[in-house]
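A.B. asks: Let me give you the structure first, and then I'll get to my questions.
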Amino acid sequence: MDEMRLQKFLSRAGVASRRKCEELIAQGRVSVNGRVVTELGTKVDASRDVVAFDGAEVRLPGGSVTMMLNKPAGYLTAMSDERGGRVVAELVPAAEHPGLFPVGRLDRDTTGLLLFTTDGELGNLLLHPSHNVDKRYVAEVRGALSEAERRALEEGVMLDDGMTAPARCEVLSVLPDGSRSAVALTIHEGRKRQVRRMLAAVGHDVVSLHRESVGALTLGDLAPGEWRELSPDEVALLR
Ligand code: URA
């Protein structure tokens, strides 16, 4: 909790002096969570409330930012690459948000939801194995999964770094000739190349892999290569 009076919040954010901010509030030019506030004593919580002046969001300097990217294929999950490969940092406003880093990683050829944050504590929390956030992937694989293979993926398969935890696996579609299928796999672990290795362990190579969601967050209509900031409510959901 980081509560303070609205006029203090506005002046700290650099809108104007405290006195001037009181006038702006009284003039009805300031809103909190979408509602105009004219009461000078109003308290806001800088970590949760969305404050706007003349309709534009106002933030305290140094406030943290968390965003999602719809990662396209062909980008490394890294902020730079010595070998000159394309990196996800090129797709997000990294220069505007010093300290922004990707939370976890997607393989170069995996597409979909990748989170970034400047909040180290949030990043550690999300990456900690005990956090157990579900991640749903859709894979296009070679061949058609048998029911026994599908169940094995749900119950756990042996990889070279040990058994996988229980997961959910759903066959979404199979080509009429059985040569390809679309499979949704929801896991909460985050081992290296885990989905590709799990599917290979039951005999199905992955042709393409896409992450649809992380916890309650989904990409919605975010196009490949686009990013958007998470709202305070979405960050709270992640926690
Ligand atoms: N599992 C994989 O195999 N690759 C990813 O990028 C993410 C999960």
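Naming scheme: A, B, ... for chains in displayed order of the structure tokens; residues 1 onward per chain; ligands 1 onward as shown.
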Can you tell me, as a list in words, what residues are no more than 8 Å from Gly99 in chain A when counting only C-alpha atoms, ignoring any on the same chain fewer than 2 positions away?
C.D. replies: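 Listed by chain and then number, they are Ala94, His97, Phe101, Thr117 and Thr118 of chain A.
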A.B. asks: Among range 5-229 of chain A, which ones does DSSP assign to alpha helix (DSSP H) (computed from the backbone)? Answer as a PyMOL selection string.
C.D. replies: chain A and resi 6-12+18-26+120-127+147-155+194-201
A.B. asks: Name the closest residue to Glu121 in chain A among the candidates A:Ala56, A:Thr42, A:Tyr137, A:Arg239; distances are taken between atoms, counting only C-alpha atoms.
C.D. replies: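 Between A:Ala56, A:Thr42, A:Tyr137, A:Arg239, the residue approaching Glu121 in chain A most closely is A:Arg239.
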A.B. asks: Using only C-alpha atoms, which protein or nucleic acid residues come within 7 Å of Glu154 in chain A? Drop anything in the same chain fewer than 3 positions from it, and give the result as a list in words.
C.D. replies: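 Neighbouring residues, sequence-local ones excluded: Arg150, Arg151, Pro166, Ala167, Arg168 and Cys169 of chain A.
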A.B. asks: Considering only C-alpha atoms, state which residue in the set A:Gly85, A:Gly178, A:Gly203, A:Gly34 is at the smallest distance from Ala148 in chain A.
C.D. replies: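 Closest to Ala148 in chain A, using only C-alpha atoms: A:Gly203.
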A.B. asks: Could you list the protein, DNA and RNA residues that have any atom within 8 Å of ligand 1, counting only C-alpha atoms and all ligand atoms, and write them as a ChimeraX atom specification?
C.D. replies: /A:105-111,137,190-198,209-211
A.B. asks: Can you write out the residues you just picked, keeping N, CA and C atoms, as an mmCIF file, in the first residue's frame?
C.D. replies:
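Output saved as out10.cif:
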data_model
loop_
_atom_site.group_PDB
_atom_site.id
_atom_site.type_symbol
_atom_site.label_atom_id
_atom_site.label_comp_id
_atom_site.auth_asym_id
_atom_site.auth_seq_id
_atom_site.Cartn_x
_atom_site.Cartn_y
_atom_site.Cartn_z
ATOM 1 N N ARG A 105 11.034 -17.199 -20.522
ATOM 2 C CA ARG A 105 11.442 -17.105 -21.920
ATOM 3 C C ARG A 105 10.576 -17.978 -22.808
ATOM 4 N N LEU A 106 10.494 -17.539 -24.040
ATOM 5 C CA LEU A 106 9.917 -18.376 -25.086
ATOM 6 C C LEU A 106 11.049 -18.660 -26.068
ATOM 7 N N ASP A 107 11.074 -19.861 -26.614
ATOM 8 C CA ASP A 107 12.098 -20.207 -27.605
ATOM 9 C C ASP A 107 12.018 -19.252 -28.796
ATOM 10 N N ARG A 108 13.102 -19.201 -29.544
ATOM 11 C CA ARG A 108 13.123 -18.265 -30.686
ATOM 12 C C ARG A 108 11.927 -18.461 -31.615
ATOM 13 N N ASP A 109 11.581 -19.704 -31.850
ATOM 14 C CA ASP A 109 10.494 -19.929 -32.805
ATOM 15 C C ASP A 109 9.123 -20.084 -32.165
ATOM 16 N N THR A 110 9.028 -19.927 -30.855
ATOM 17 C CA THR A 110 7.721 -19.954 -30.193
ATOM 18 C C THR A 110 7.108 -18.557 -30.286
ATOM 19 N N THR A 111 5.800 -18.519 -30.504
ATOM 20 C CA THR A 111 5.093 -17.235 -30.585
ATOM 21 C C THR A 111 4.205 -17.083 -29.347
ATOM 22 N N TYR A 137 -0.440 -23.540 -23.910
ATOM 23 C CA TYR A 137 0.233 -23.529 -25.208
ATOM 24 C C TYR A 137 -0.615 -24.273 -26.221
ATOM 25 N N GLY A 190 8.124 -24.514 -15.777
ATOM 26 C CA GLY A 190 8.707 -23.675 -16.828
ATOM 27 C C GLY A 190 10.110 -24.140 -17.166
ATOM 28 N N ARG A 191 10.232 -25.450 -17.459
ATOM 29 C CA ARG A 191 11.575 -25.936 -17.802
ATOM 30 C C ARG A 191 11.884 -25.598 -19.254
ATOM 31 N N LYS A 192 13.171 -25.625 -19.544
ATOM 32 C CA LYS A 192 13.621 -25.263 -20.886
ATOM 33 C C LYS A 192 12.960 -26.147 -21.943
ATOM 34 N N ARG A 193 12.402 -25.547 -22.958
ATOM 35 C CA ARG A 193 11.798 -26.268 -24.090
ATOM 36 C C ARG A 193 10.847 -27.380 -23.636
ATOM 37 N N GLN A 194 10.160 -27.115 -22.533
ATOM 38 C CA GLN A 194 9.384 -28.185 -21.904
ATOM 39 C C GLN A 194 8.290 -28.767 -22.800
ATOM 40 N N VAL A 195 7.521 -27.893 -23.446
ATOM 41 C CA VAL A 195 6.395 -28.393 -24.247
ATOM 42 C C VAL A 195 6.915 -29.206 -25.431
ATOM 43 N N ARG A 196 7.944 -28.692 -26.084
ATOM 44 C CA ARG A 196 8.520 -29.432 -27.221
ATOM 45 C C ARG A 196 9.040 -30.795 -26.765
ATOM 46 N N ARG A 197 9.702 -30.794 -25.594
ATOM 47 C CA ARG A 197 10.270 -32.061 -25.106
ATOM 48 C C ARG A 197 9.174 -33.025 -24.661
ATOM 49 N N MET A 198 8.116 -32.508 -24.045
ATOM 50 C CA MET A 198 7.017 -33.395 -23.608
ATOM 51 C C MET A 198 6.374 -34.074 -24.819
ATOM 52 N N LEU A 209 4.671 -23.613 -32.175
ATOM 53 C CA LEU A 209 4.232 -23.542 -30.776
ATOM 54 C C LEU A 209 3.857 -22.100 -30.442
ATOM 55 N N HIS A 210 2.710 -21.959 -29.777
ATOM 56 C CA HIS A 210 2.178 -20.629 -29.465
ATOM 57 C C HIS A 210 1.695 -20.638 -28.019
ATOM 58 N N ARG A 211 2.067 -19.602 -27.240
ATOM 59 C CA ARG A 211 1.545 -19.497 -25.868
ATOM 60 C C ARG A 211 0.342 -18.566 -25.878
#
A.B. asks: Quick one, how far is CA of Asn132 in chain A from CA of Leu153 in chain A?
C.D. replies: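 Between these atoms lies a distance of 17.5 Å.
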A.B. asks: Would you return as a PyMOL selection string the members of range 20-237 of chain A that DSSP assigns to strand (DSSP E or B) on this structure's backbone?
C.D. replies: chain A and resi 30-32+35-36+43-45+51-53+56-58+66-71+76+87+101-103+110-117+135-142+158-159+162-163+168-174+180-187+206-214+217-218+227-229
A.B. asks: Leaving out range 62-69 of chain A and any residue of its chain fewer than 2 positions from it, which residues lie within 7 Å of it when counting only C-alpha atoms, given as number ranges by chain?
C.D. replies: A: 59-60, 71, 113-119, 225-230
A.B. asks: Can you pull out every residue within 7 Å of range 8-22 of chain A, counting only C-alpha atoms, but drop anything in the same chain fewer than 3 positions away, and send it as a ChimeraX atom specification?
C.D. replies: /A:4-5,25-26,40,58-61
A.B. asks: Calculate how many Å separate CA of Asp177 in chain A from CA of Ala144 in chain A, rounding to one decimal.
C.D. replies: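 We find that CA of Asp177 in chain A and CA of Ala144 in chain A lie 9.3 Å from each other.
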A.B. asks: Please, what distance in Å, to one decimal, runs between CA of Val206 in chain A and CA of Val88 in chain A?
C.D. replies: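 Computing it gives 22.0 Å between the two atoms.
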A.B. asks: Measuring between only C-alpha atoms, which one of A:Gln7, A:Ser173, A:Glu57, A:Arg180 shows the shortest distance to Val37 in chain A?
C.D. replies: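 The answer is A:Gln7, which sits nearest to Val37 in chain A.
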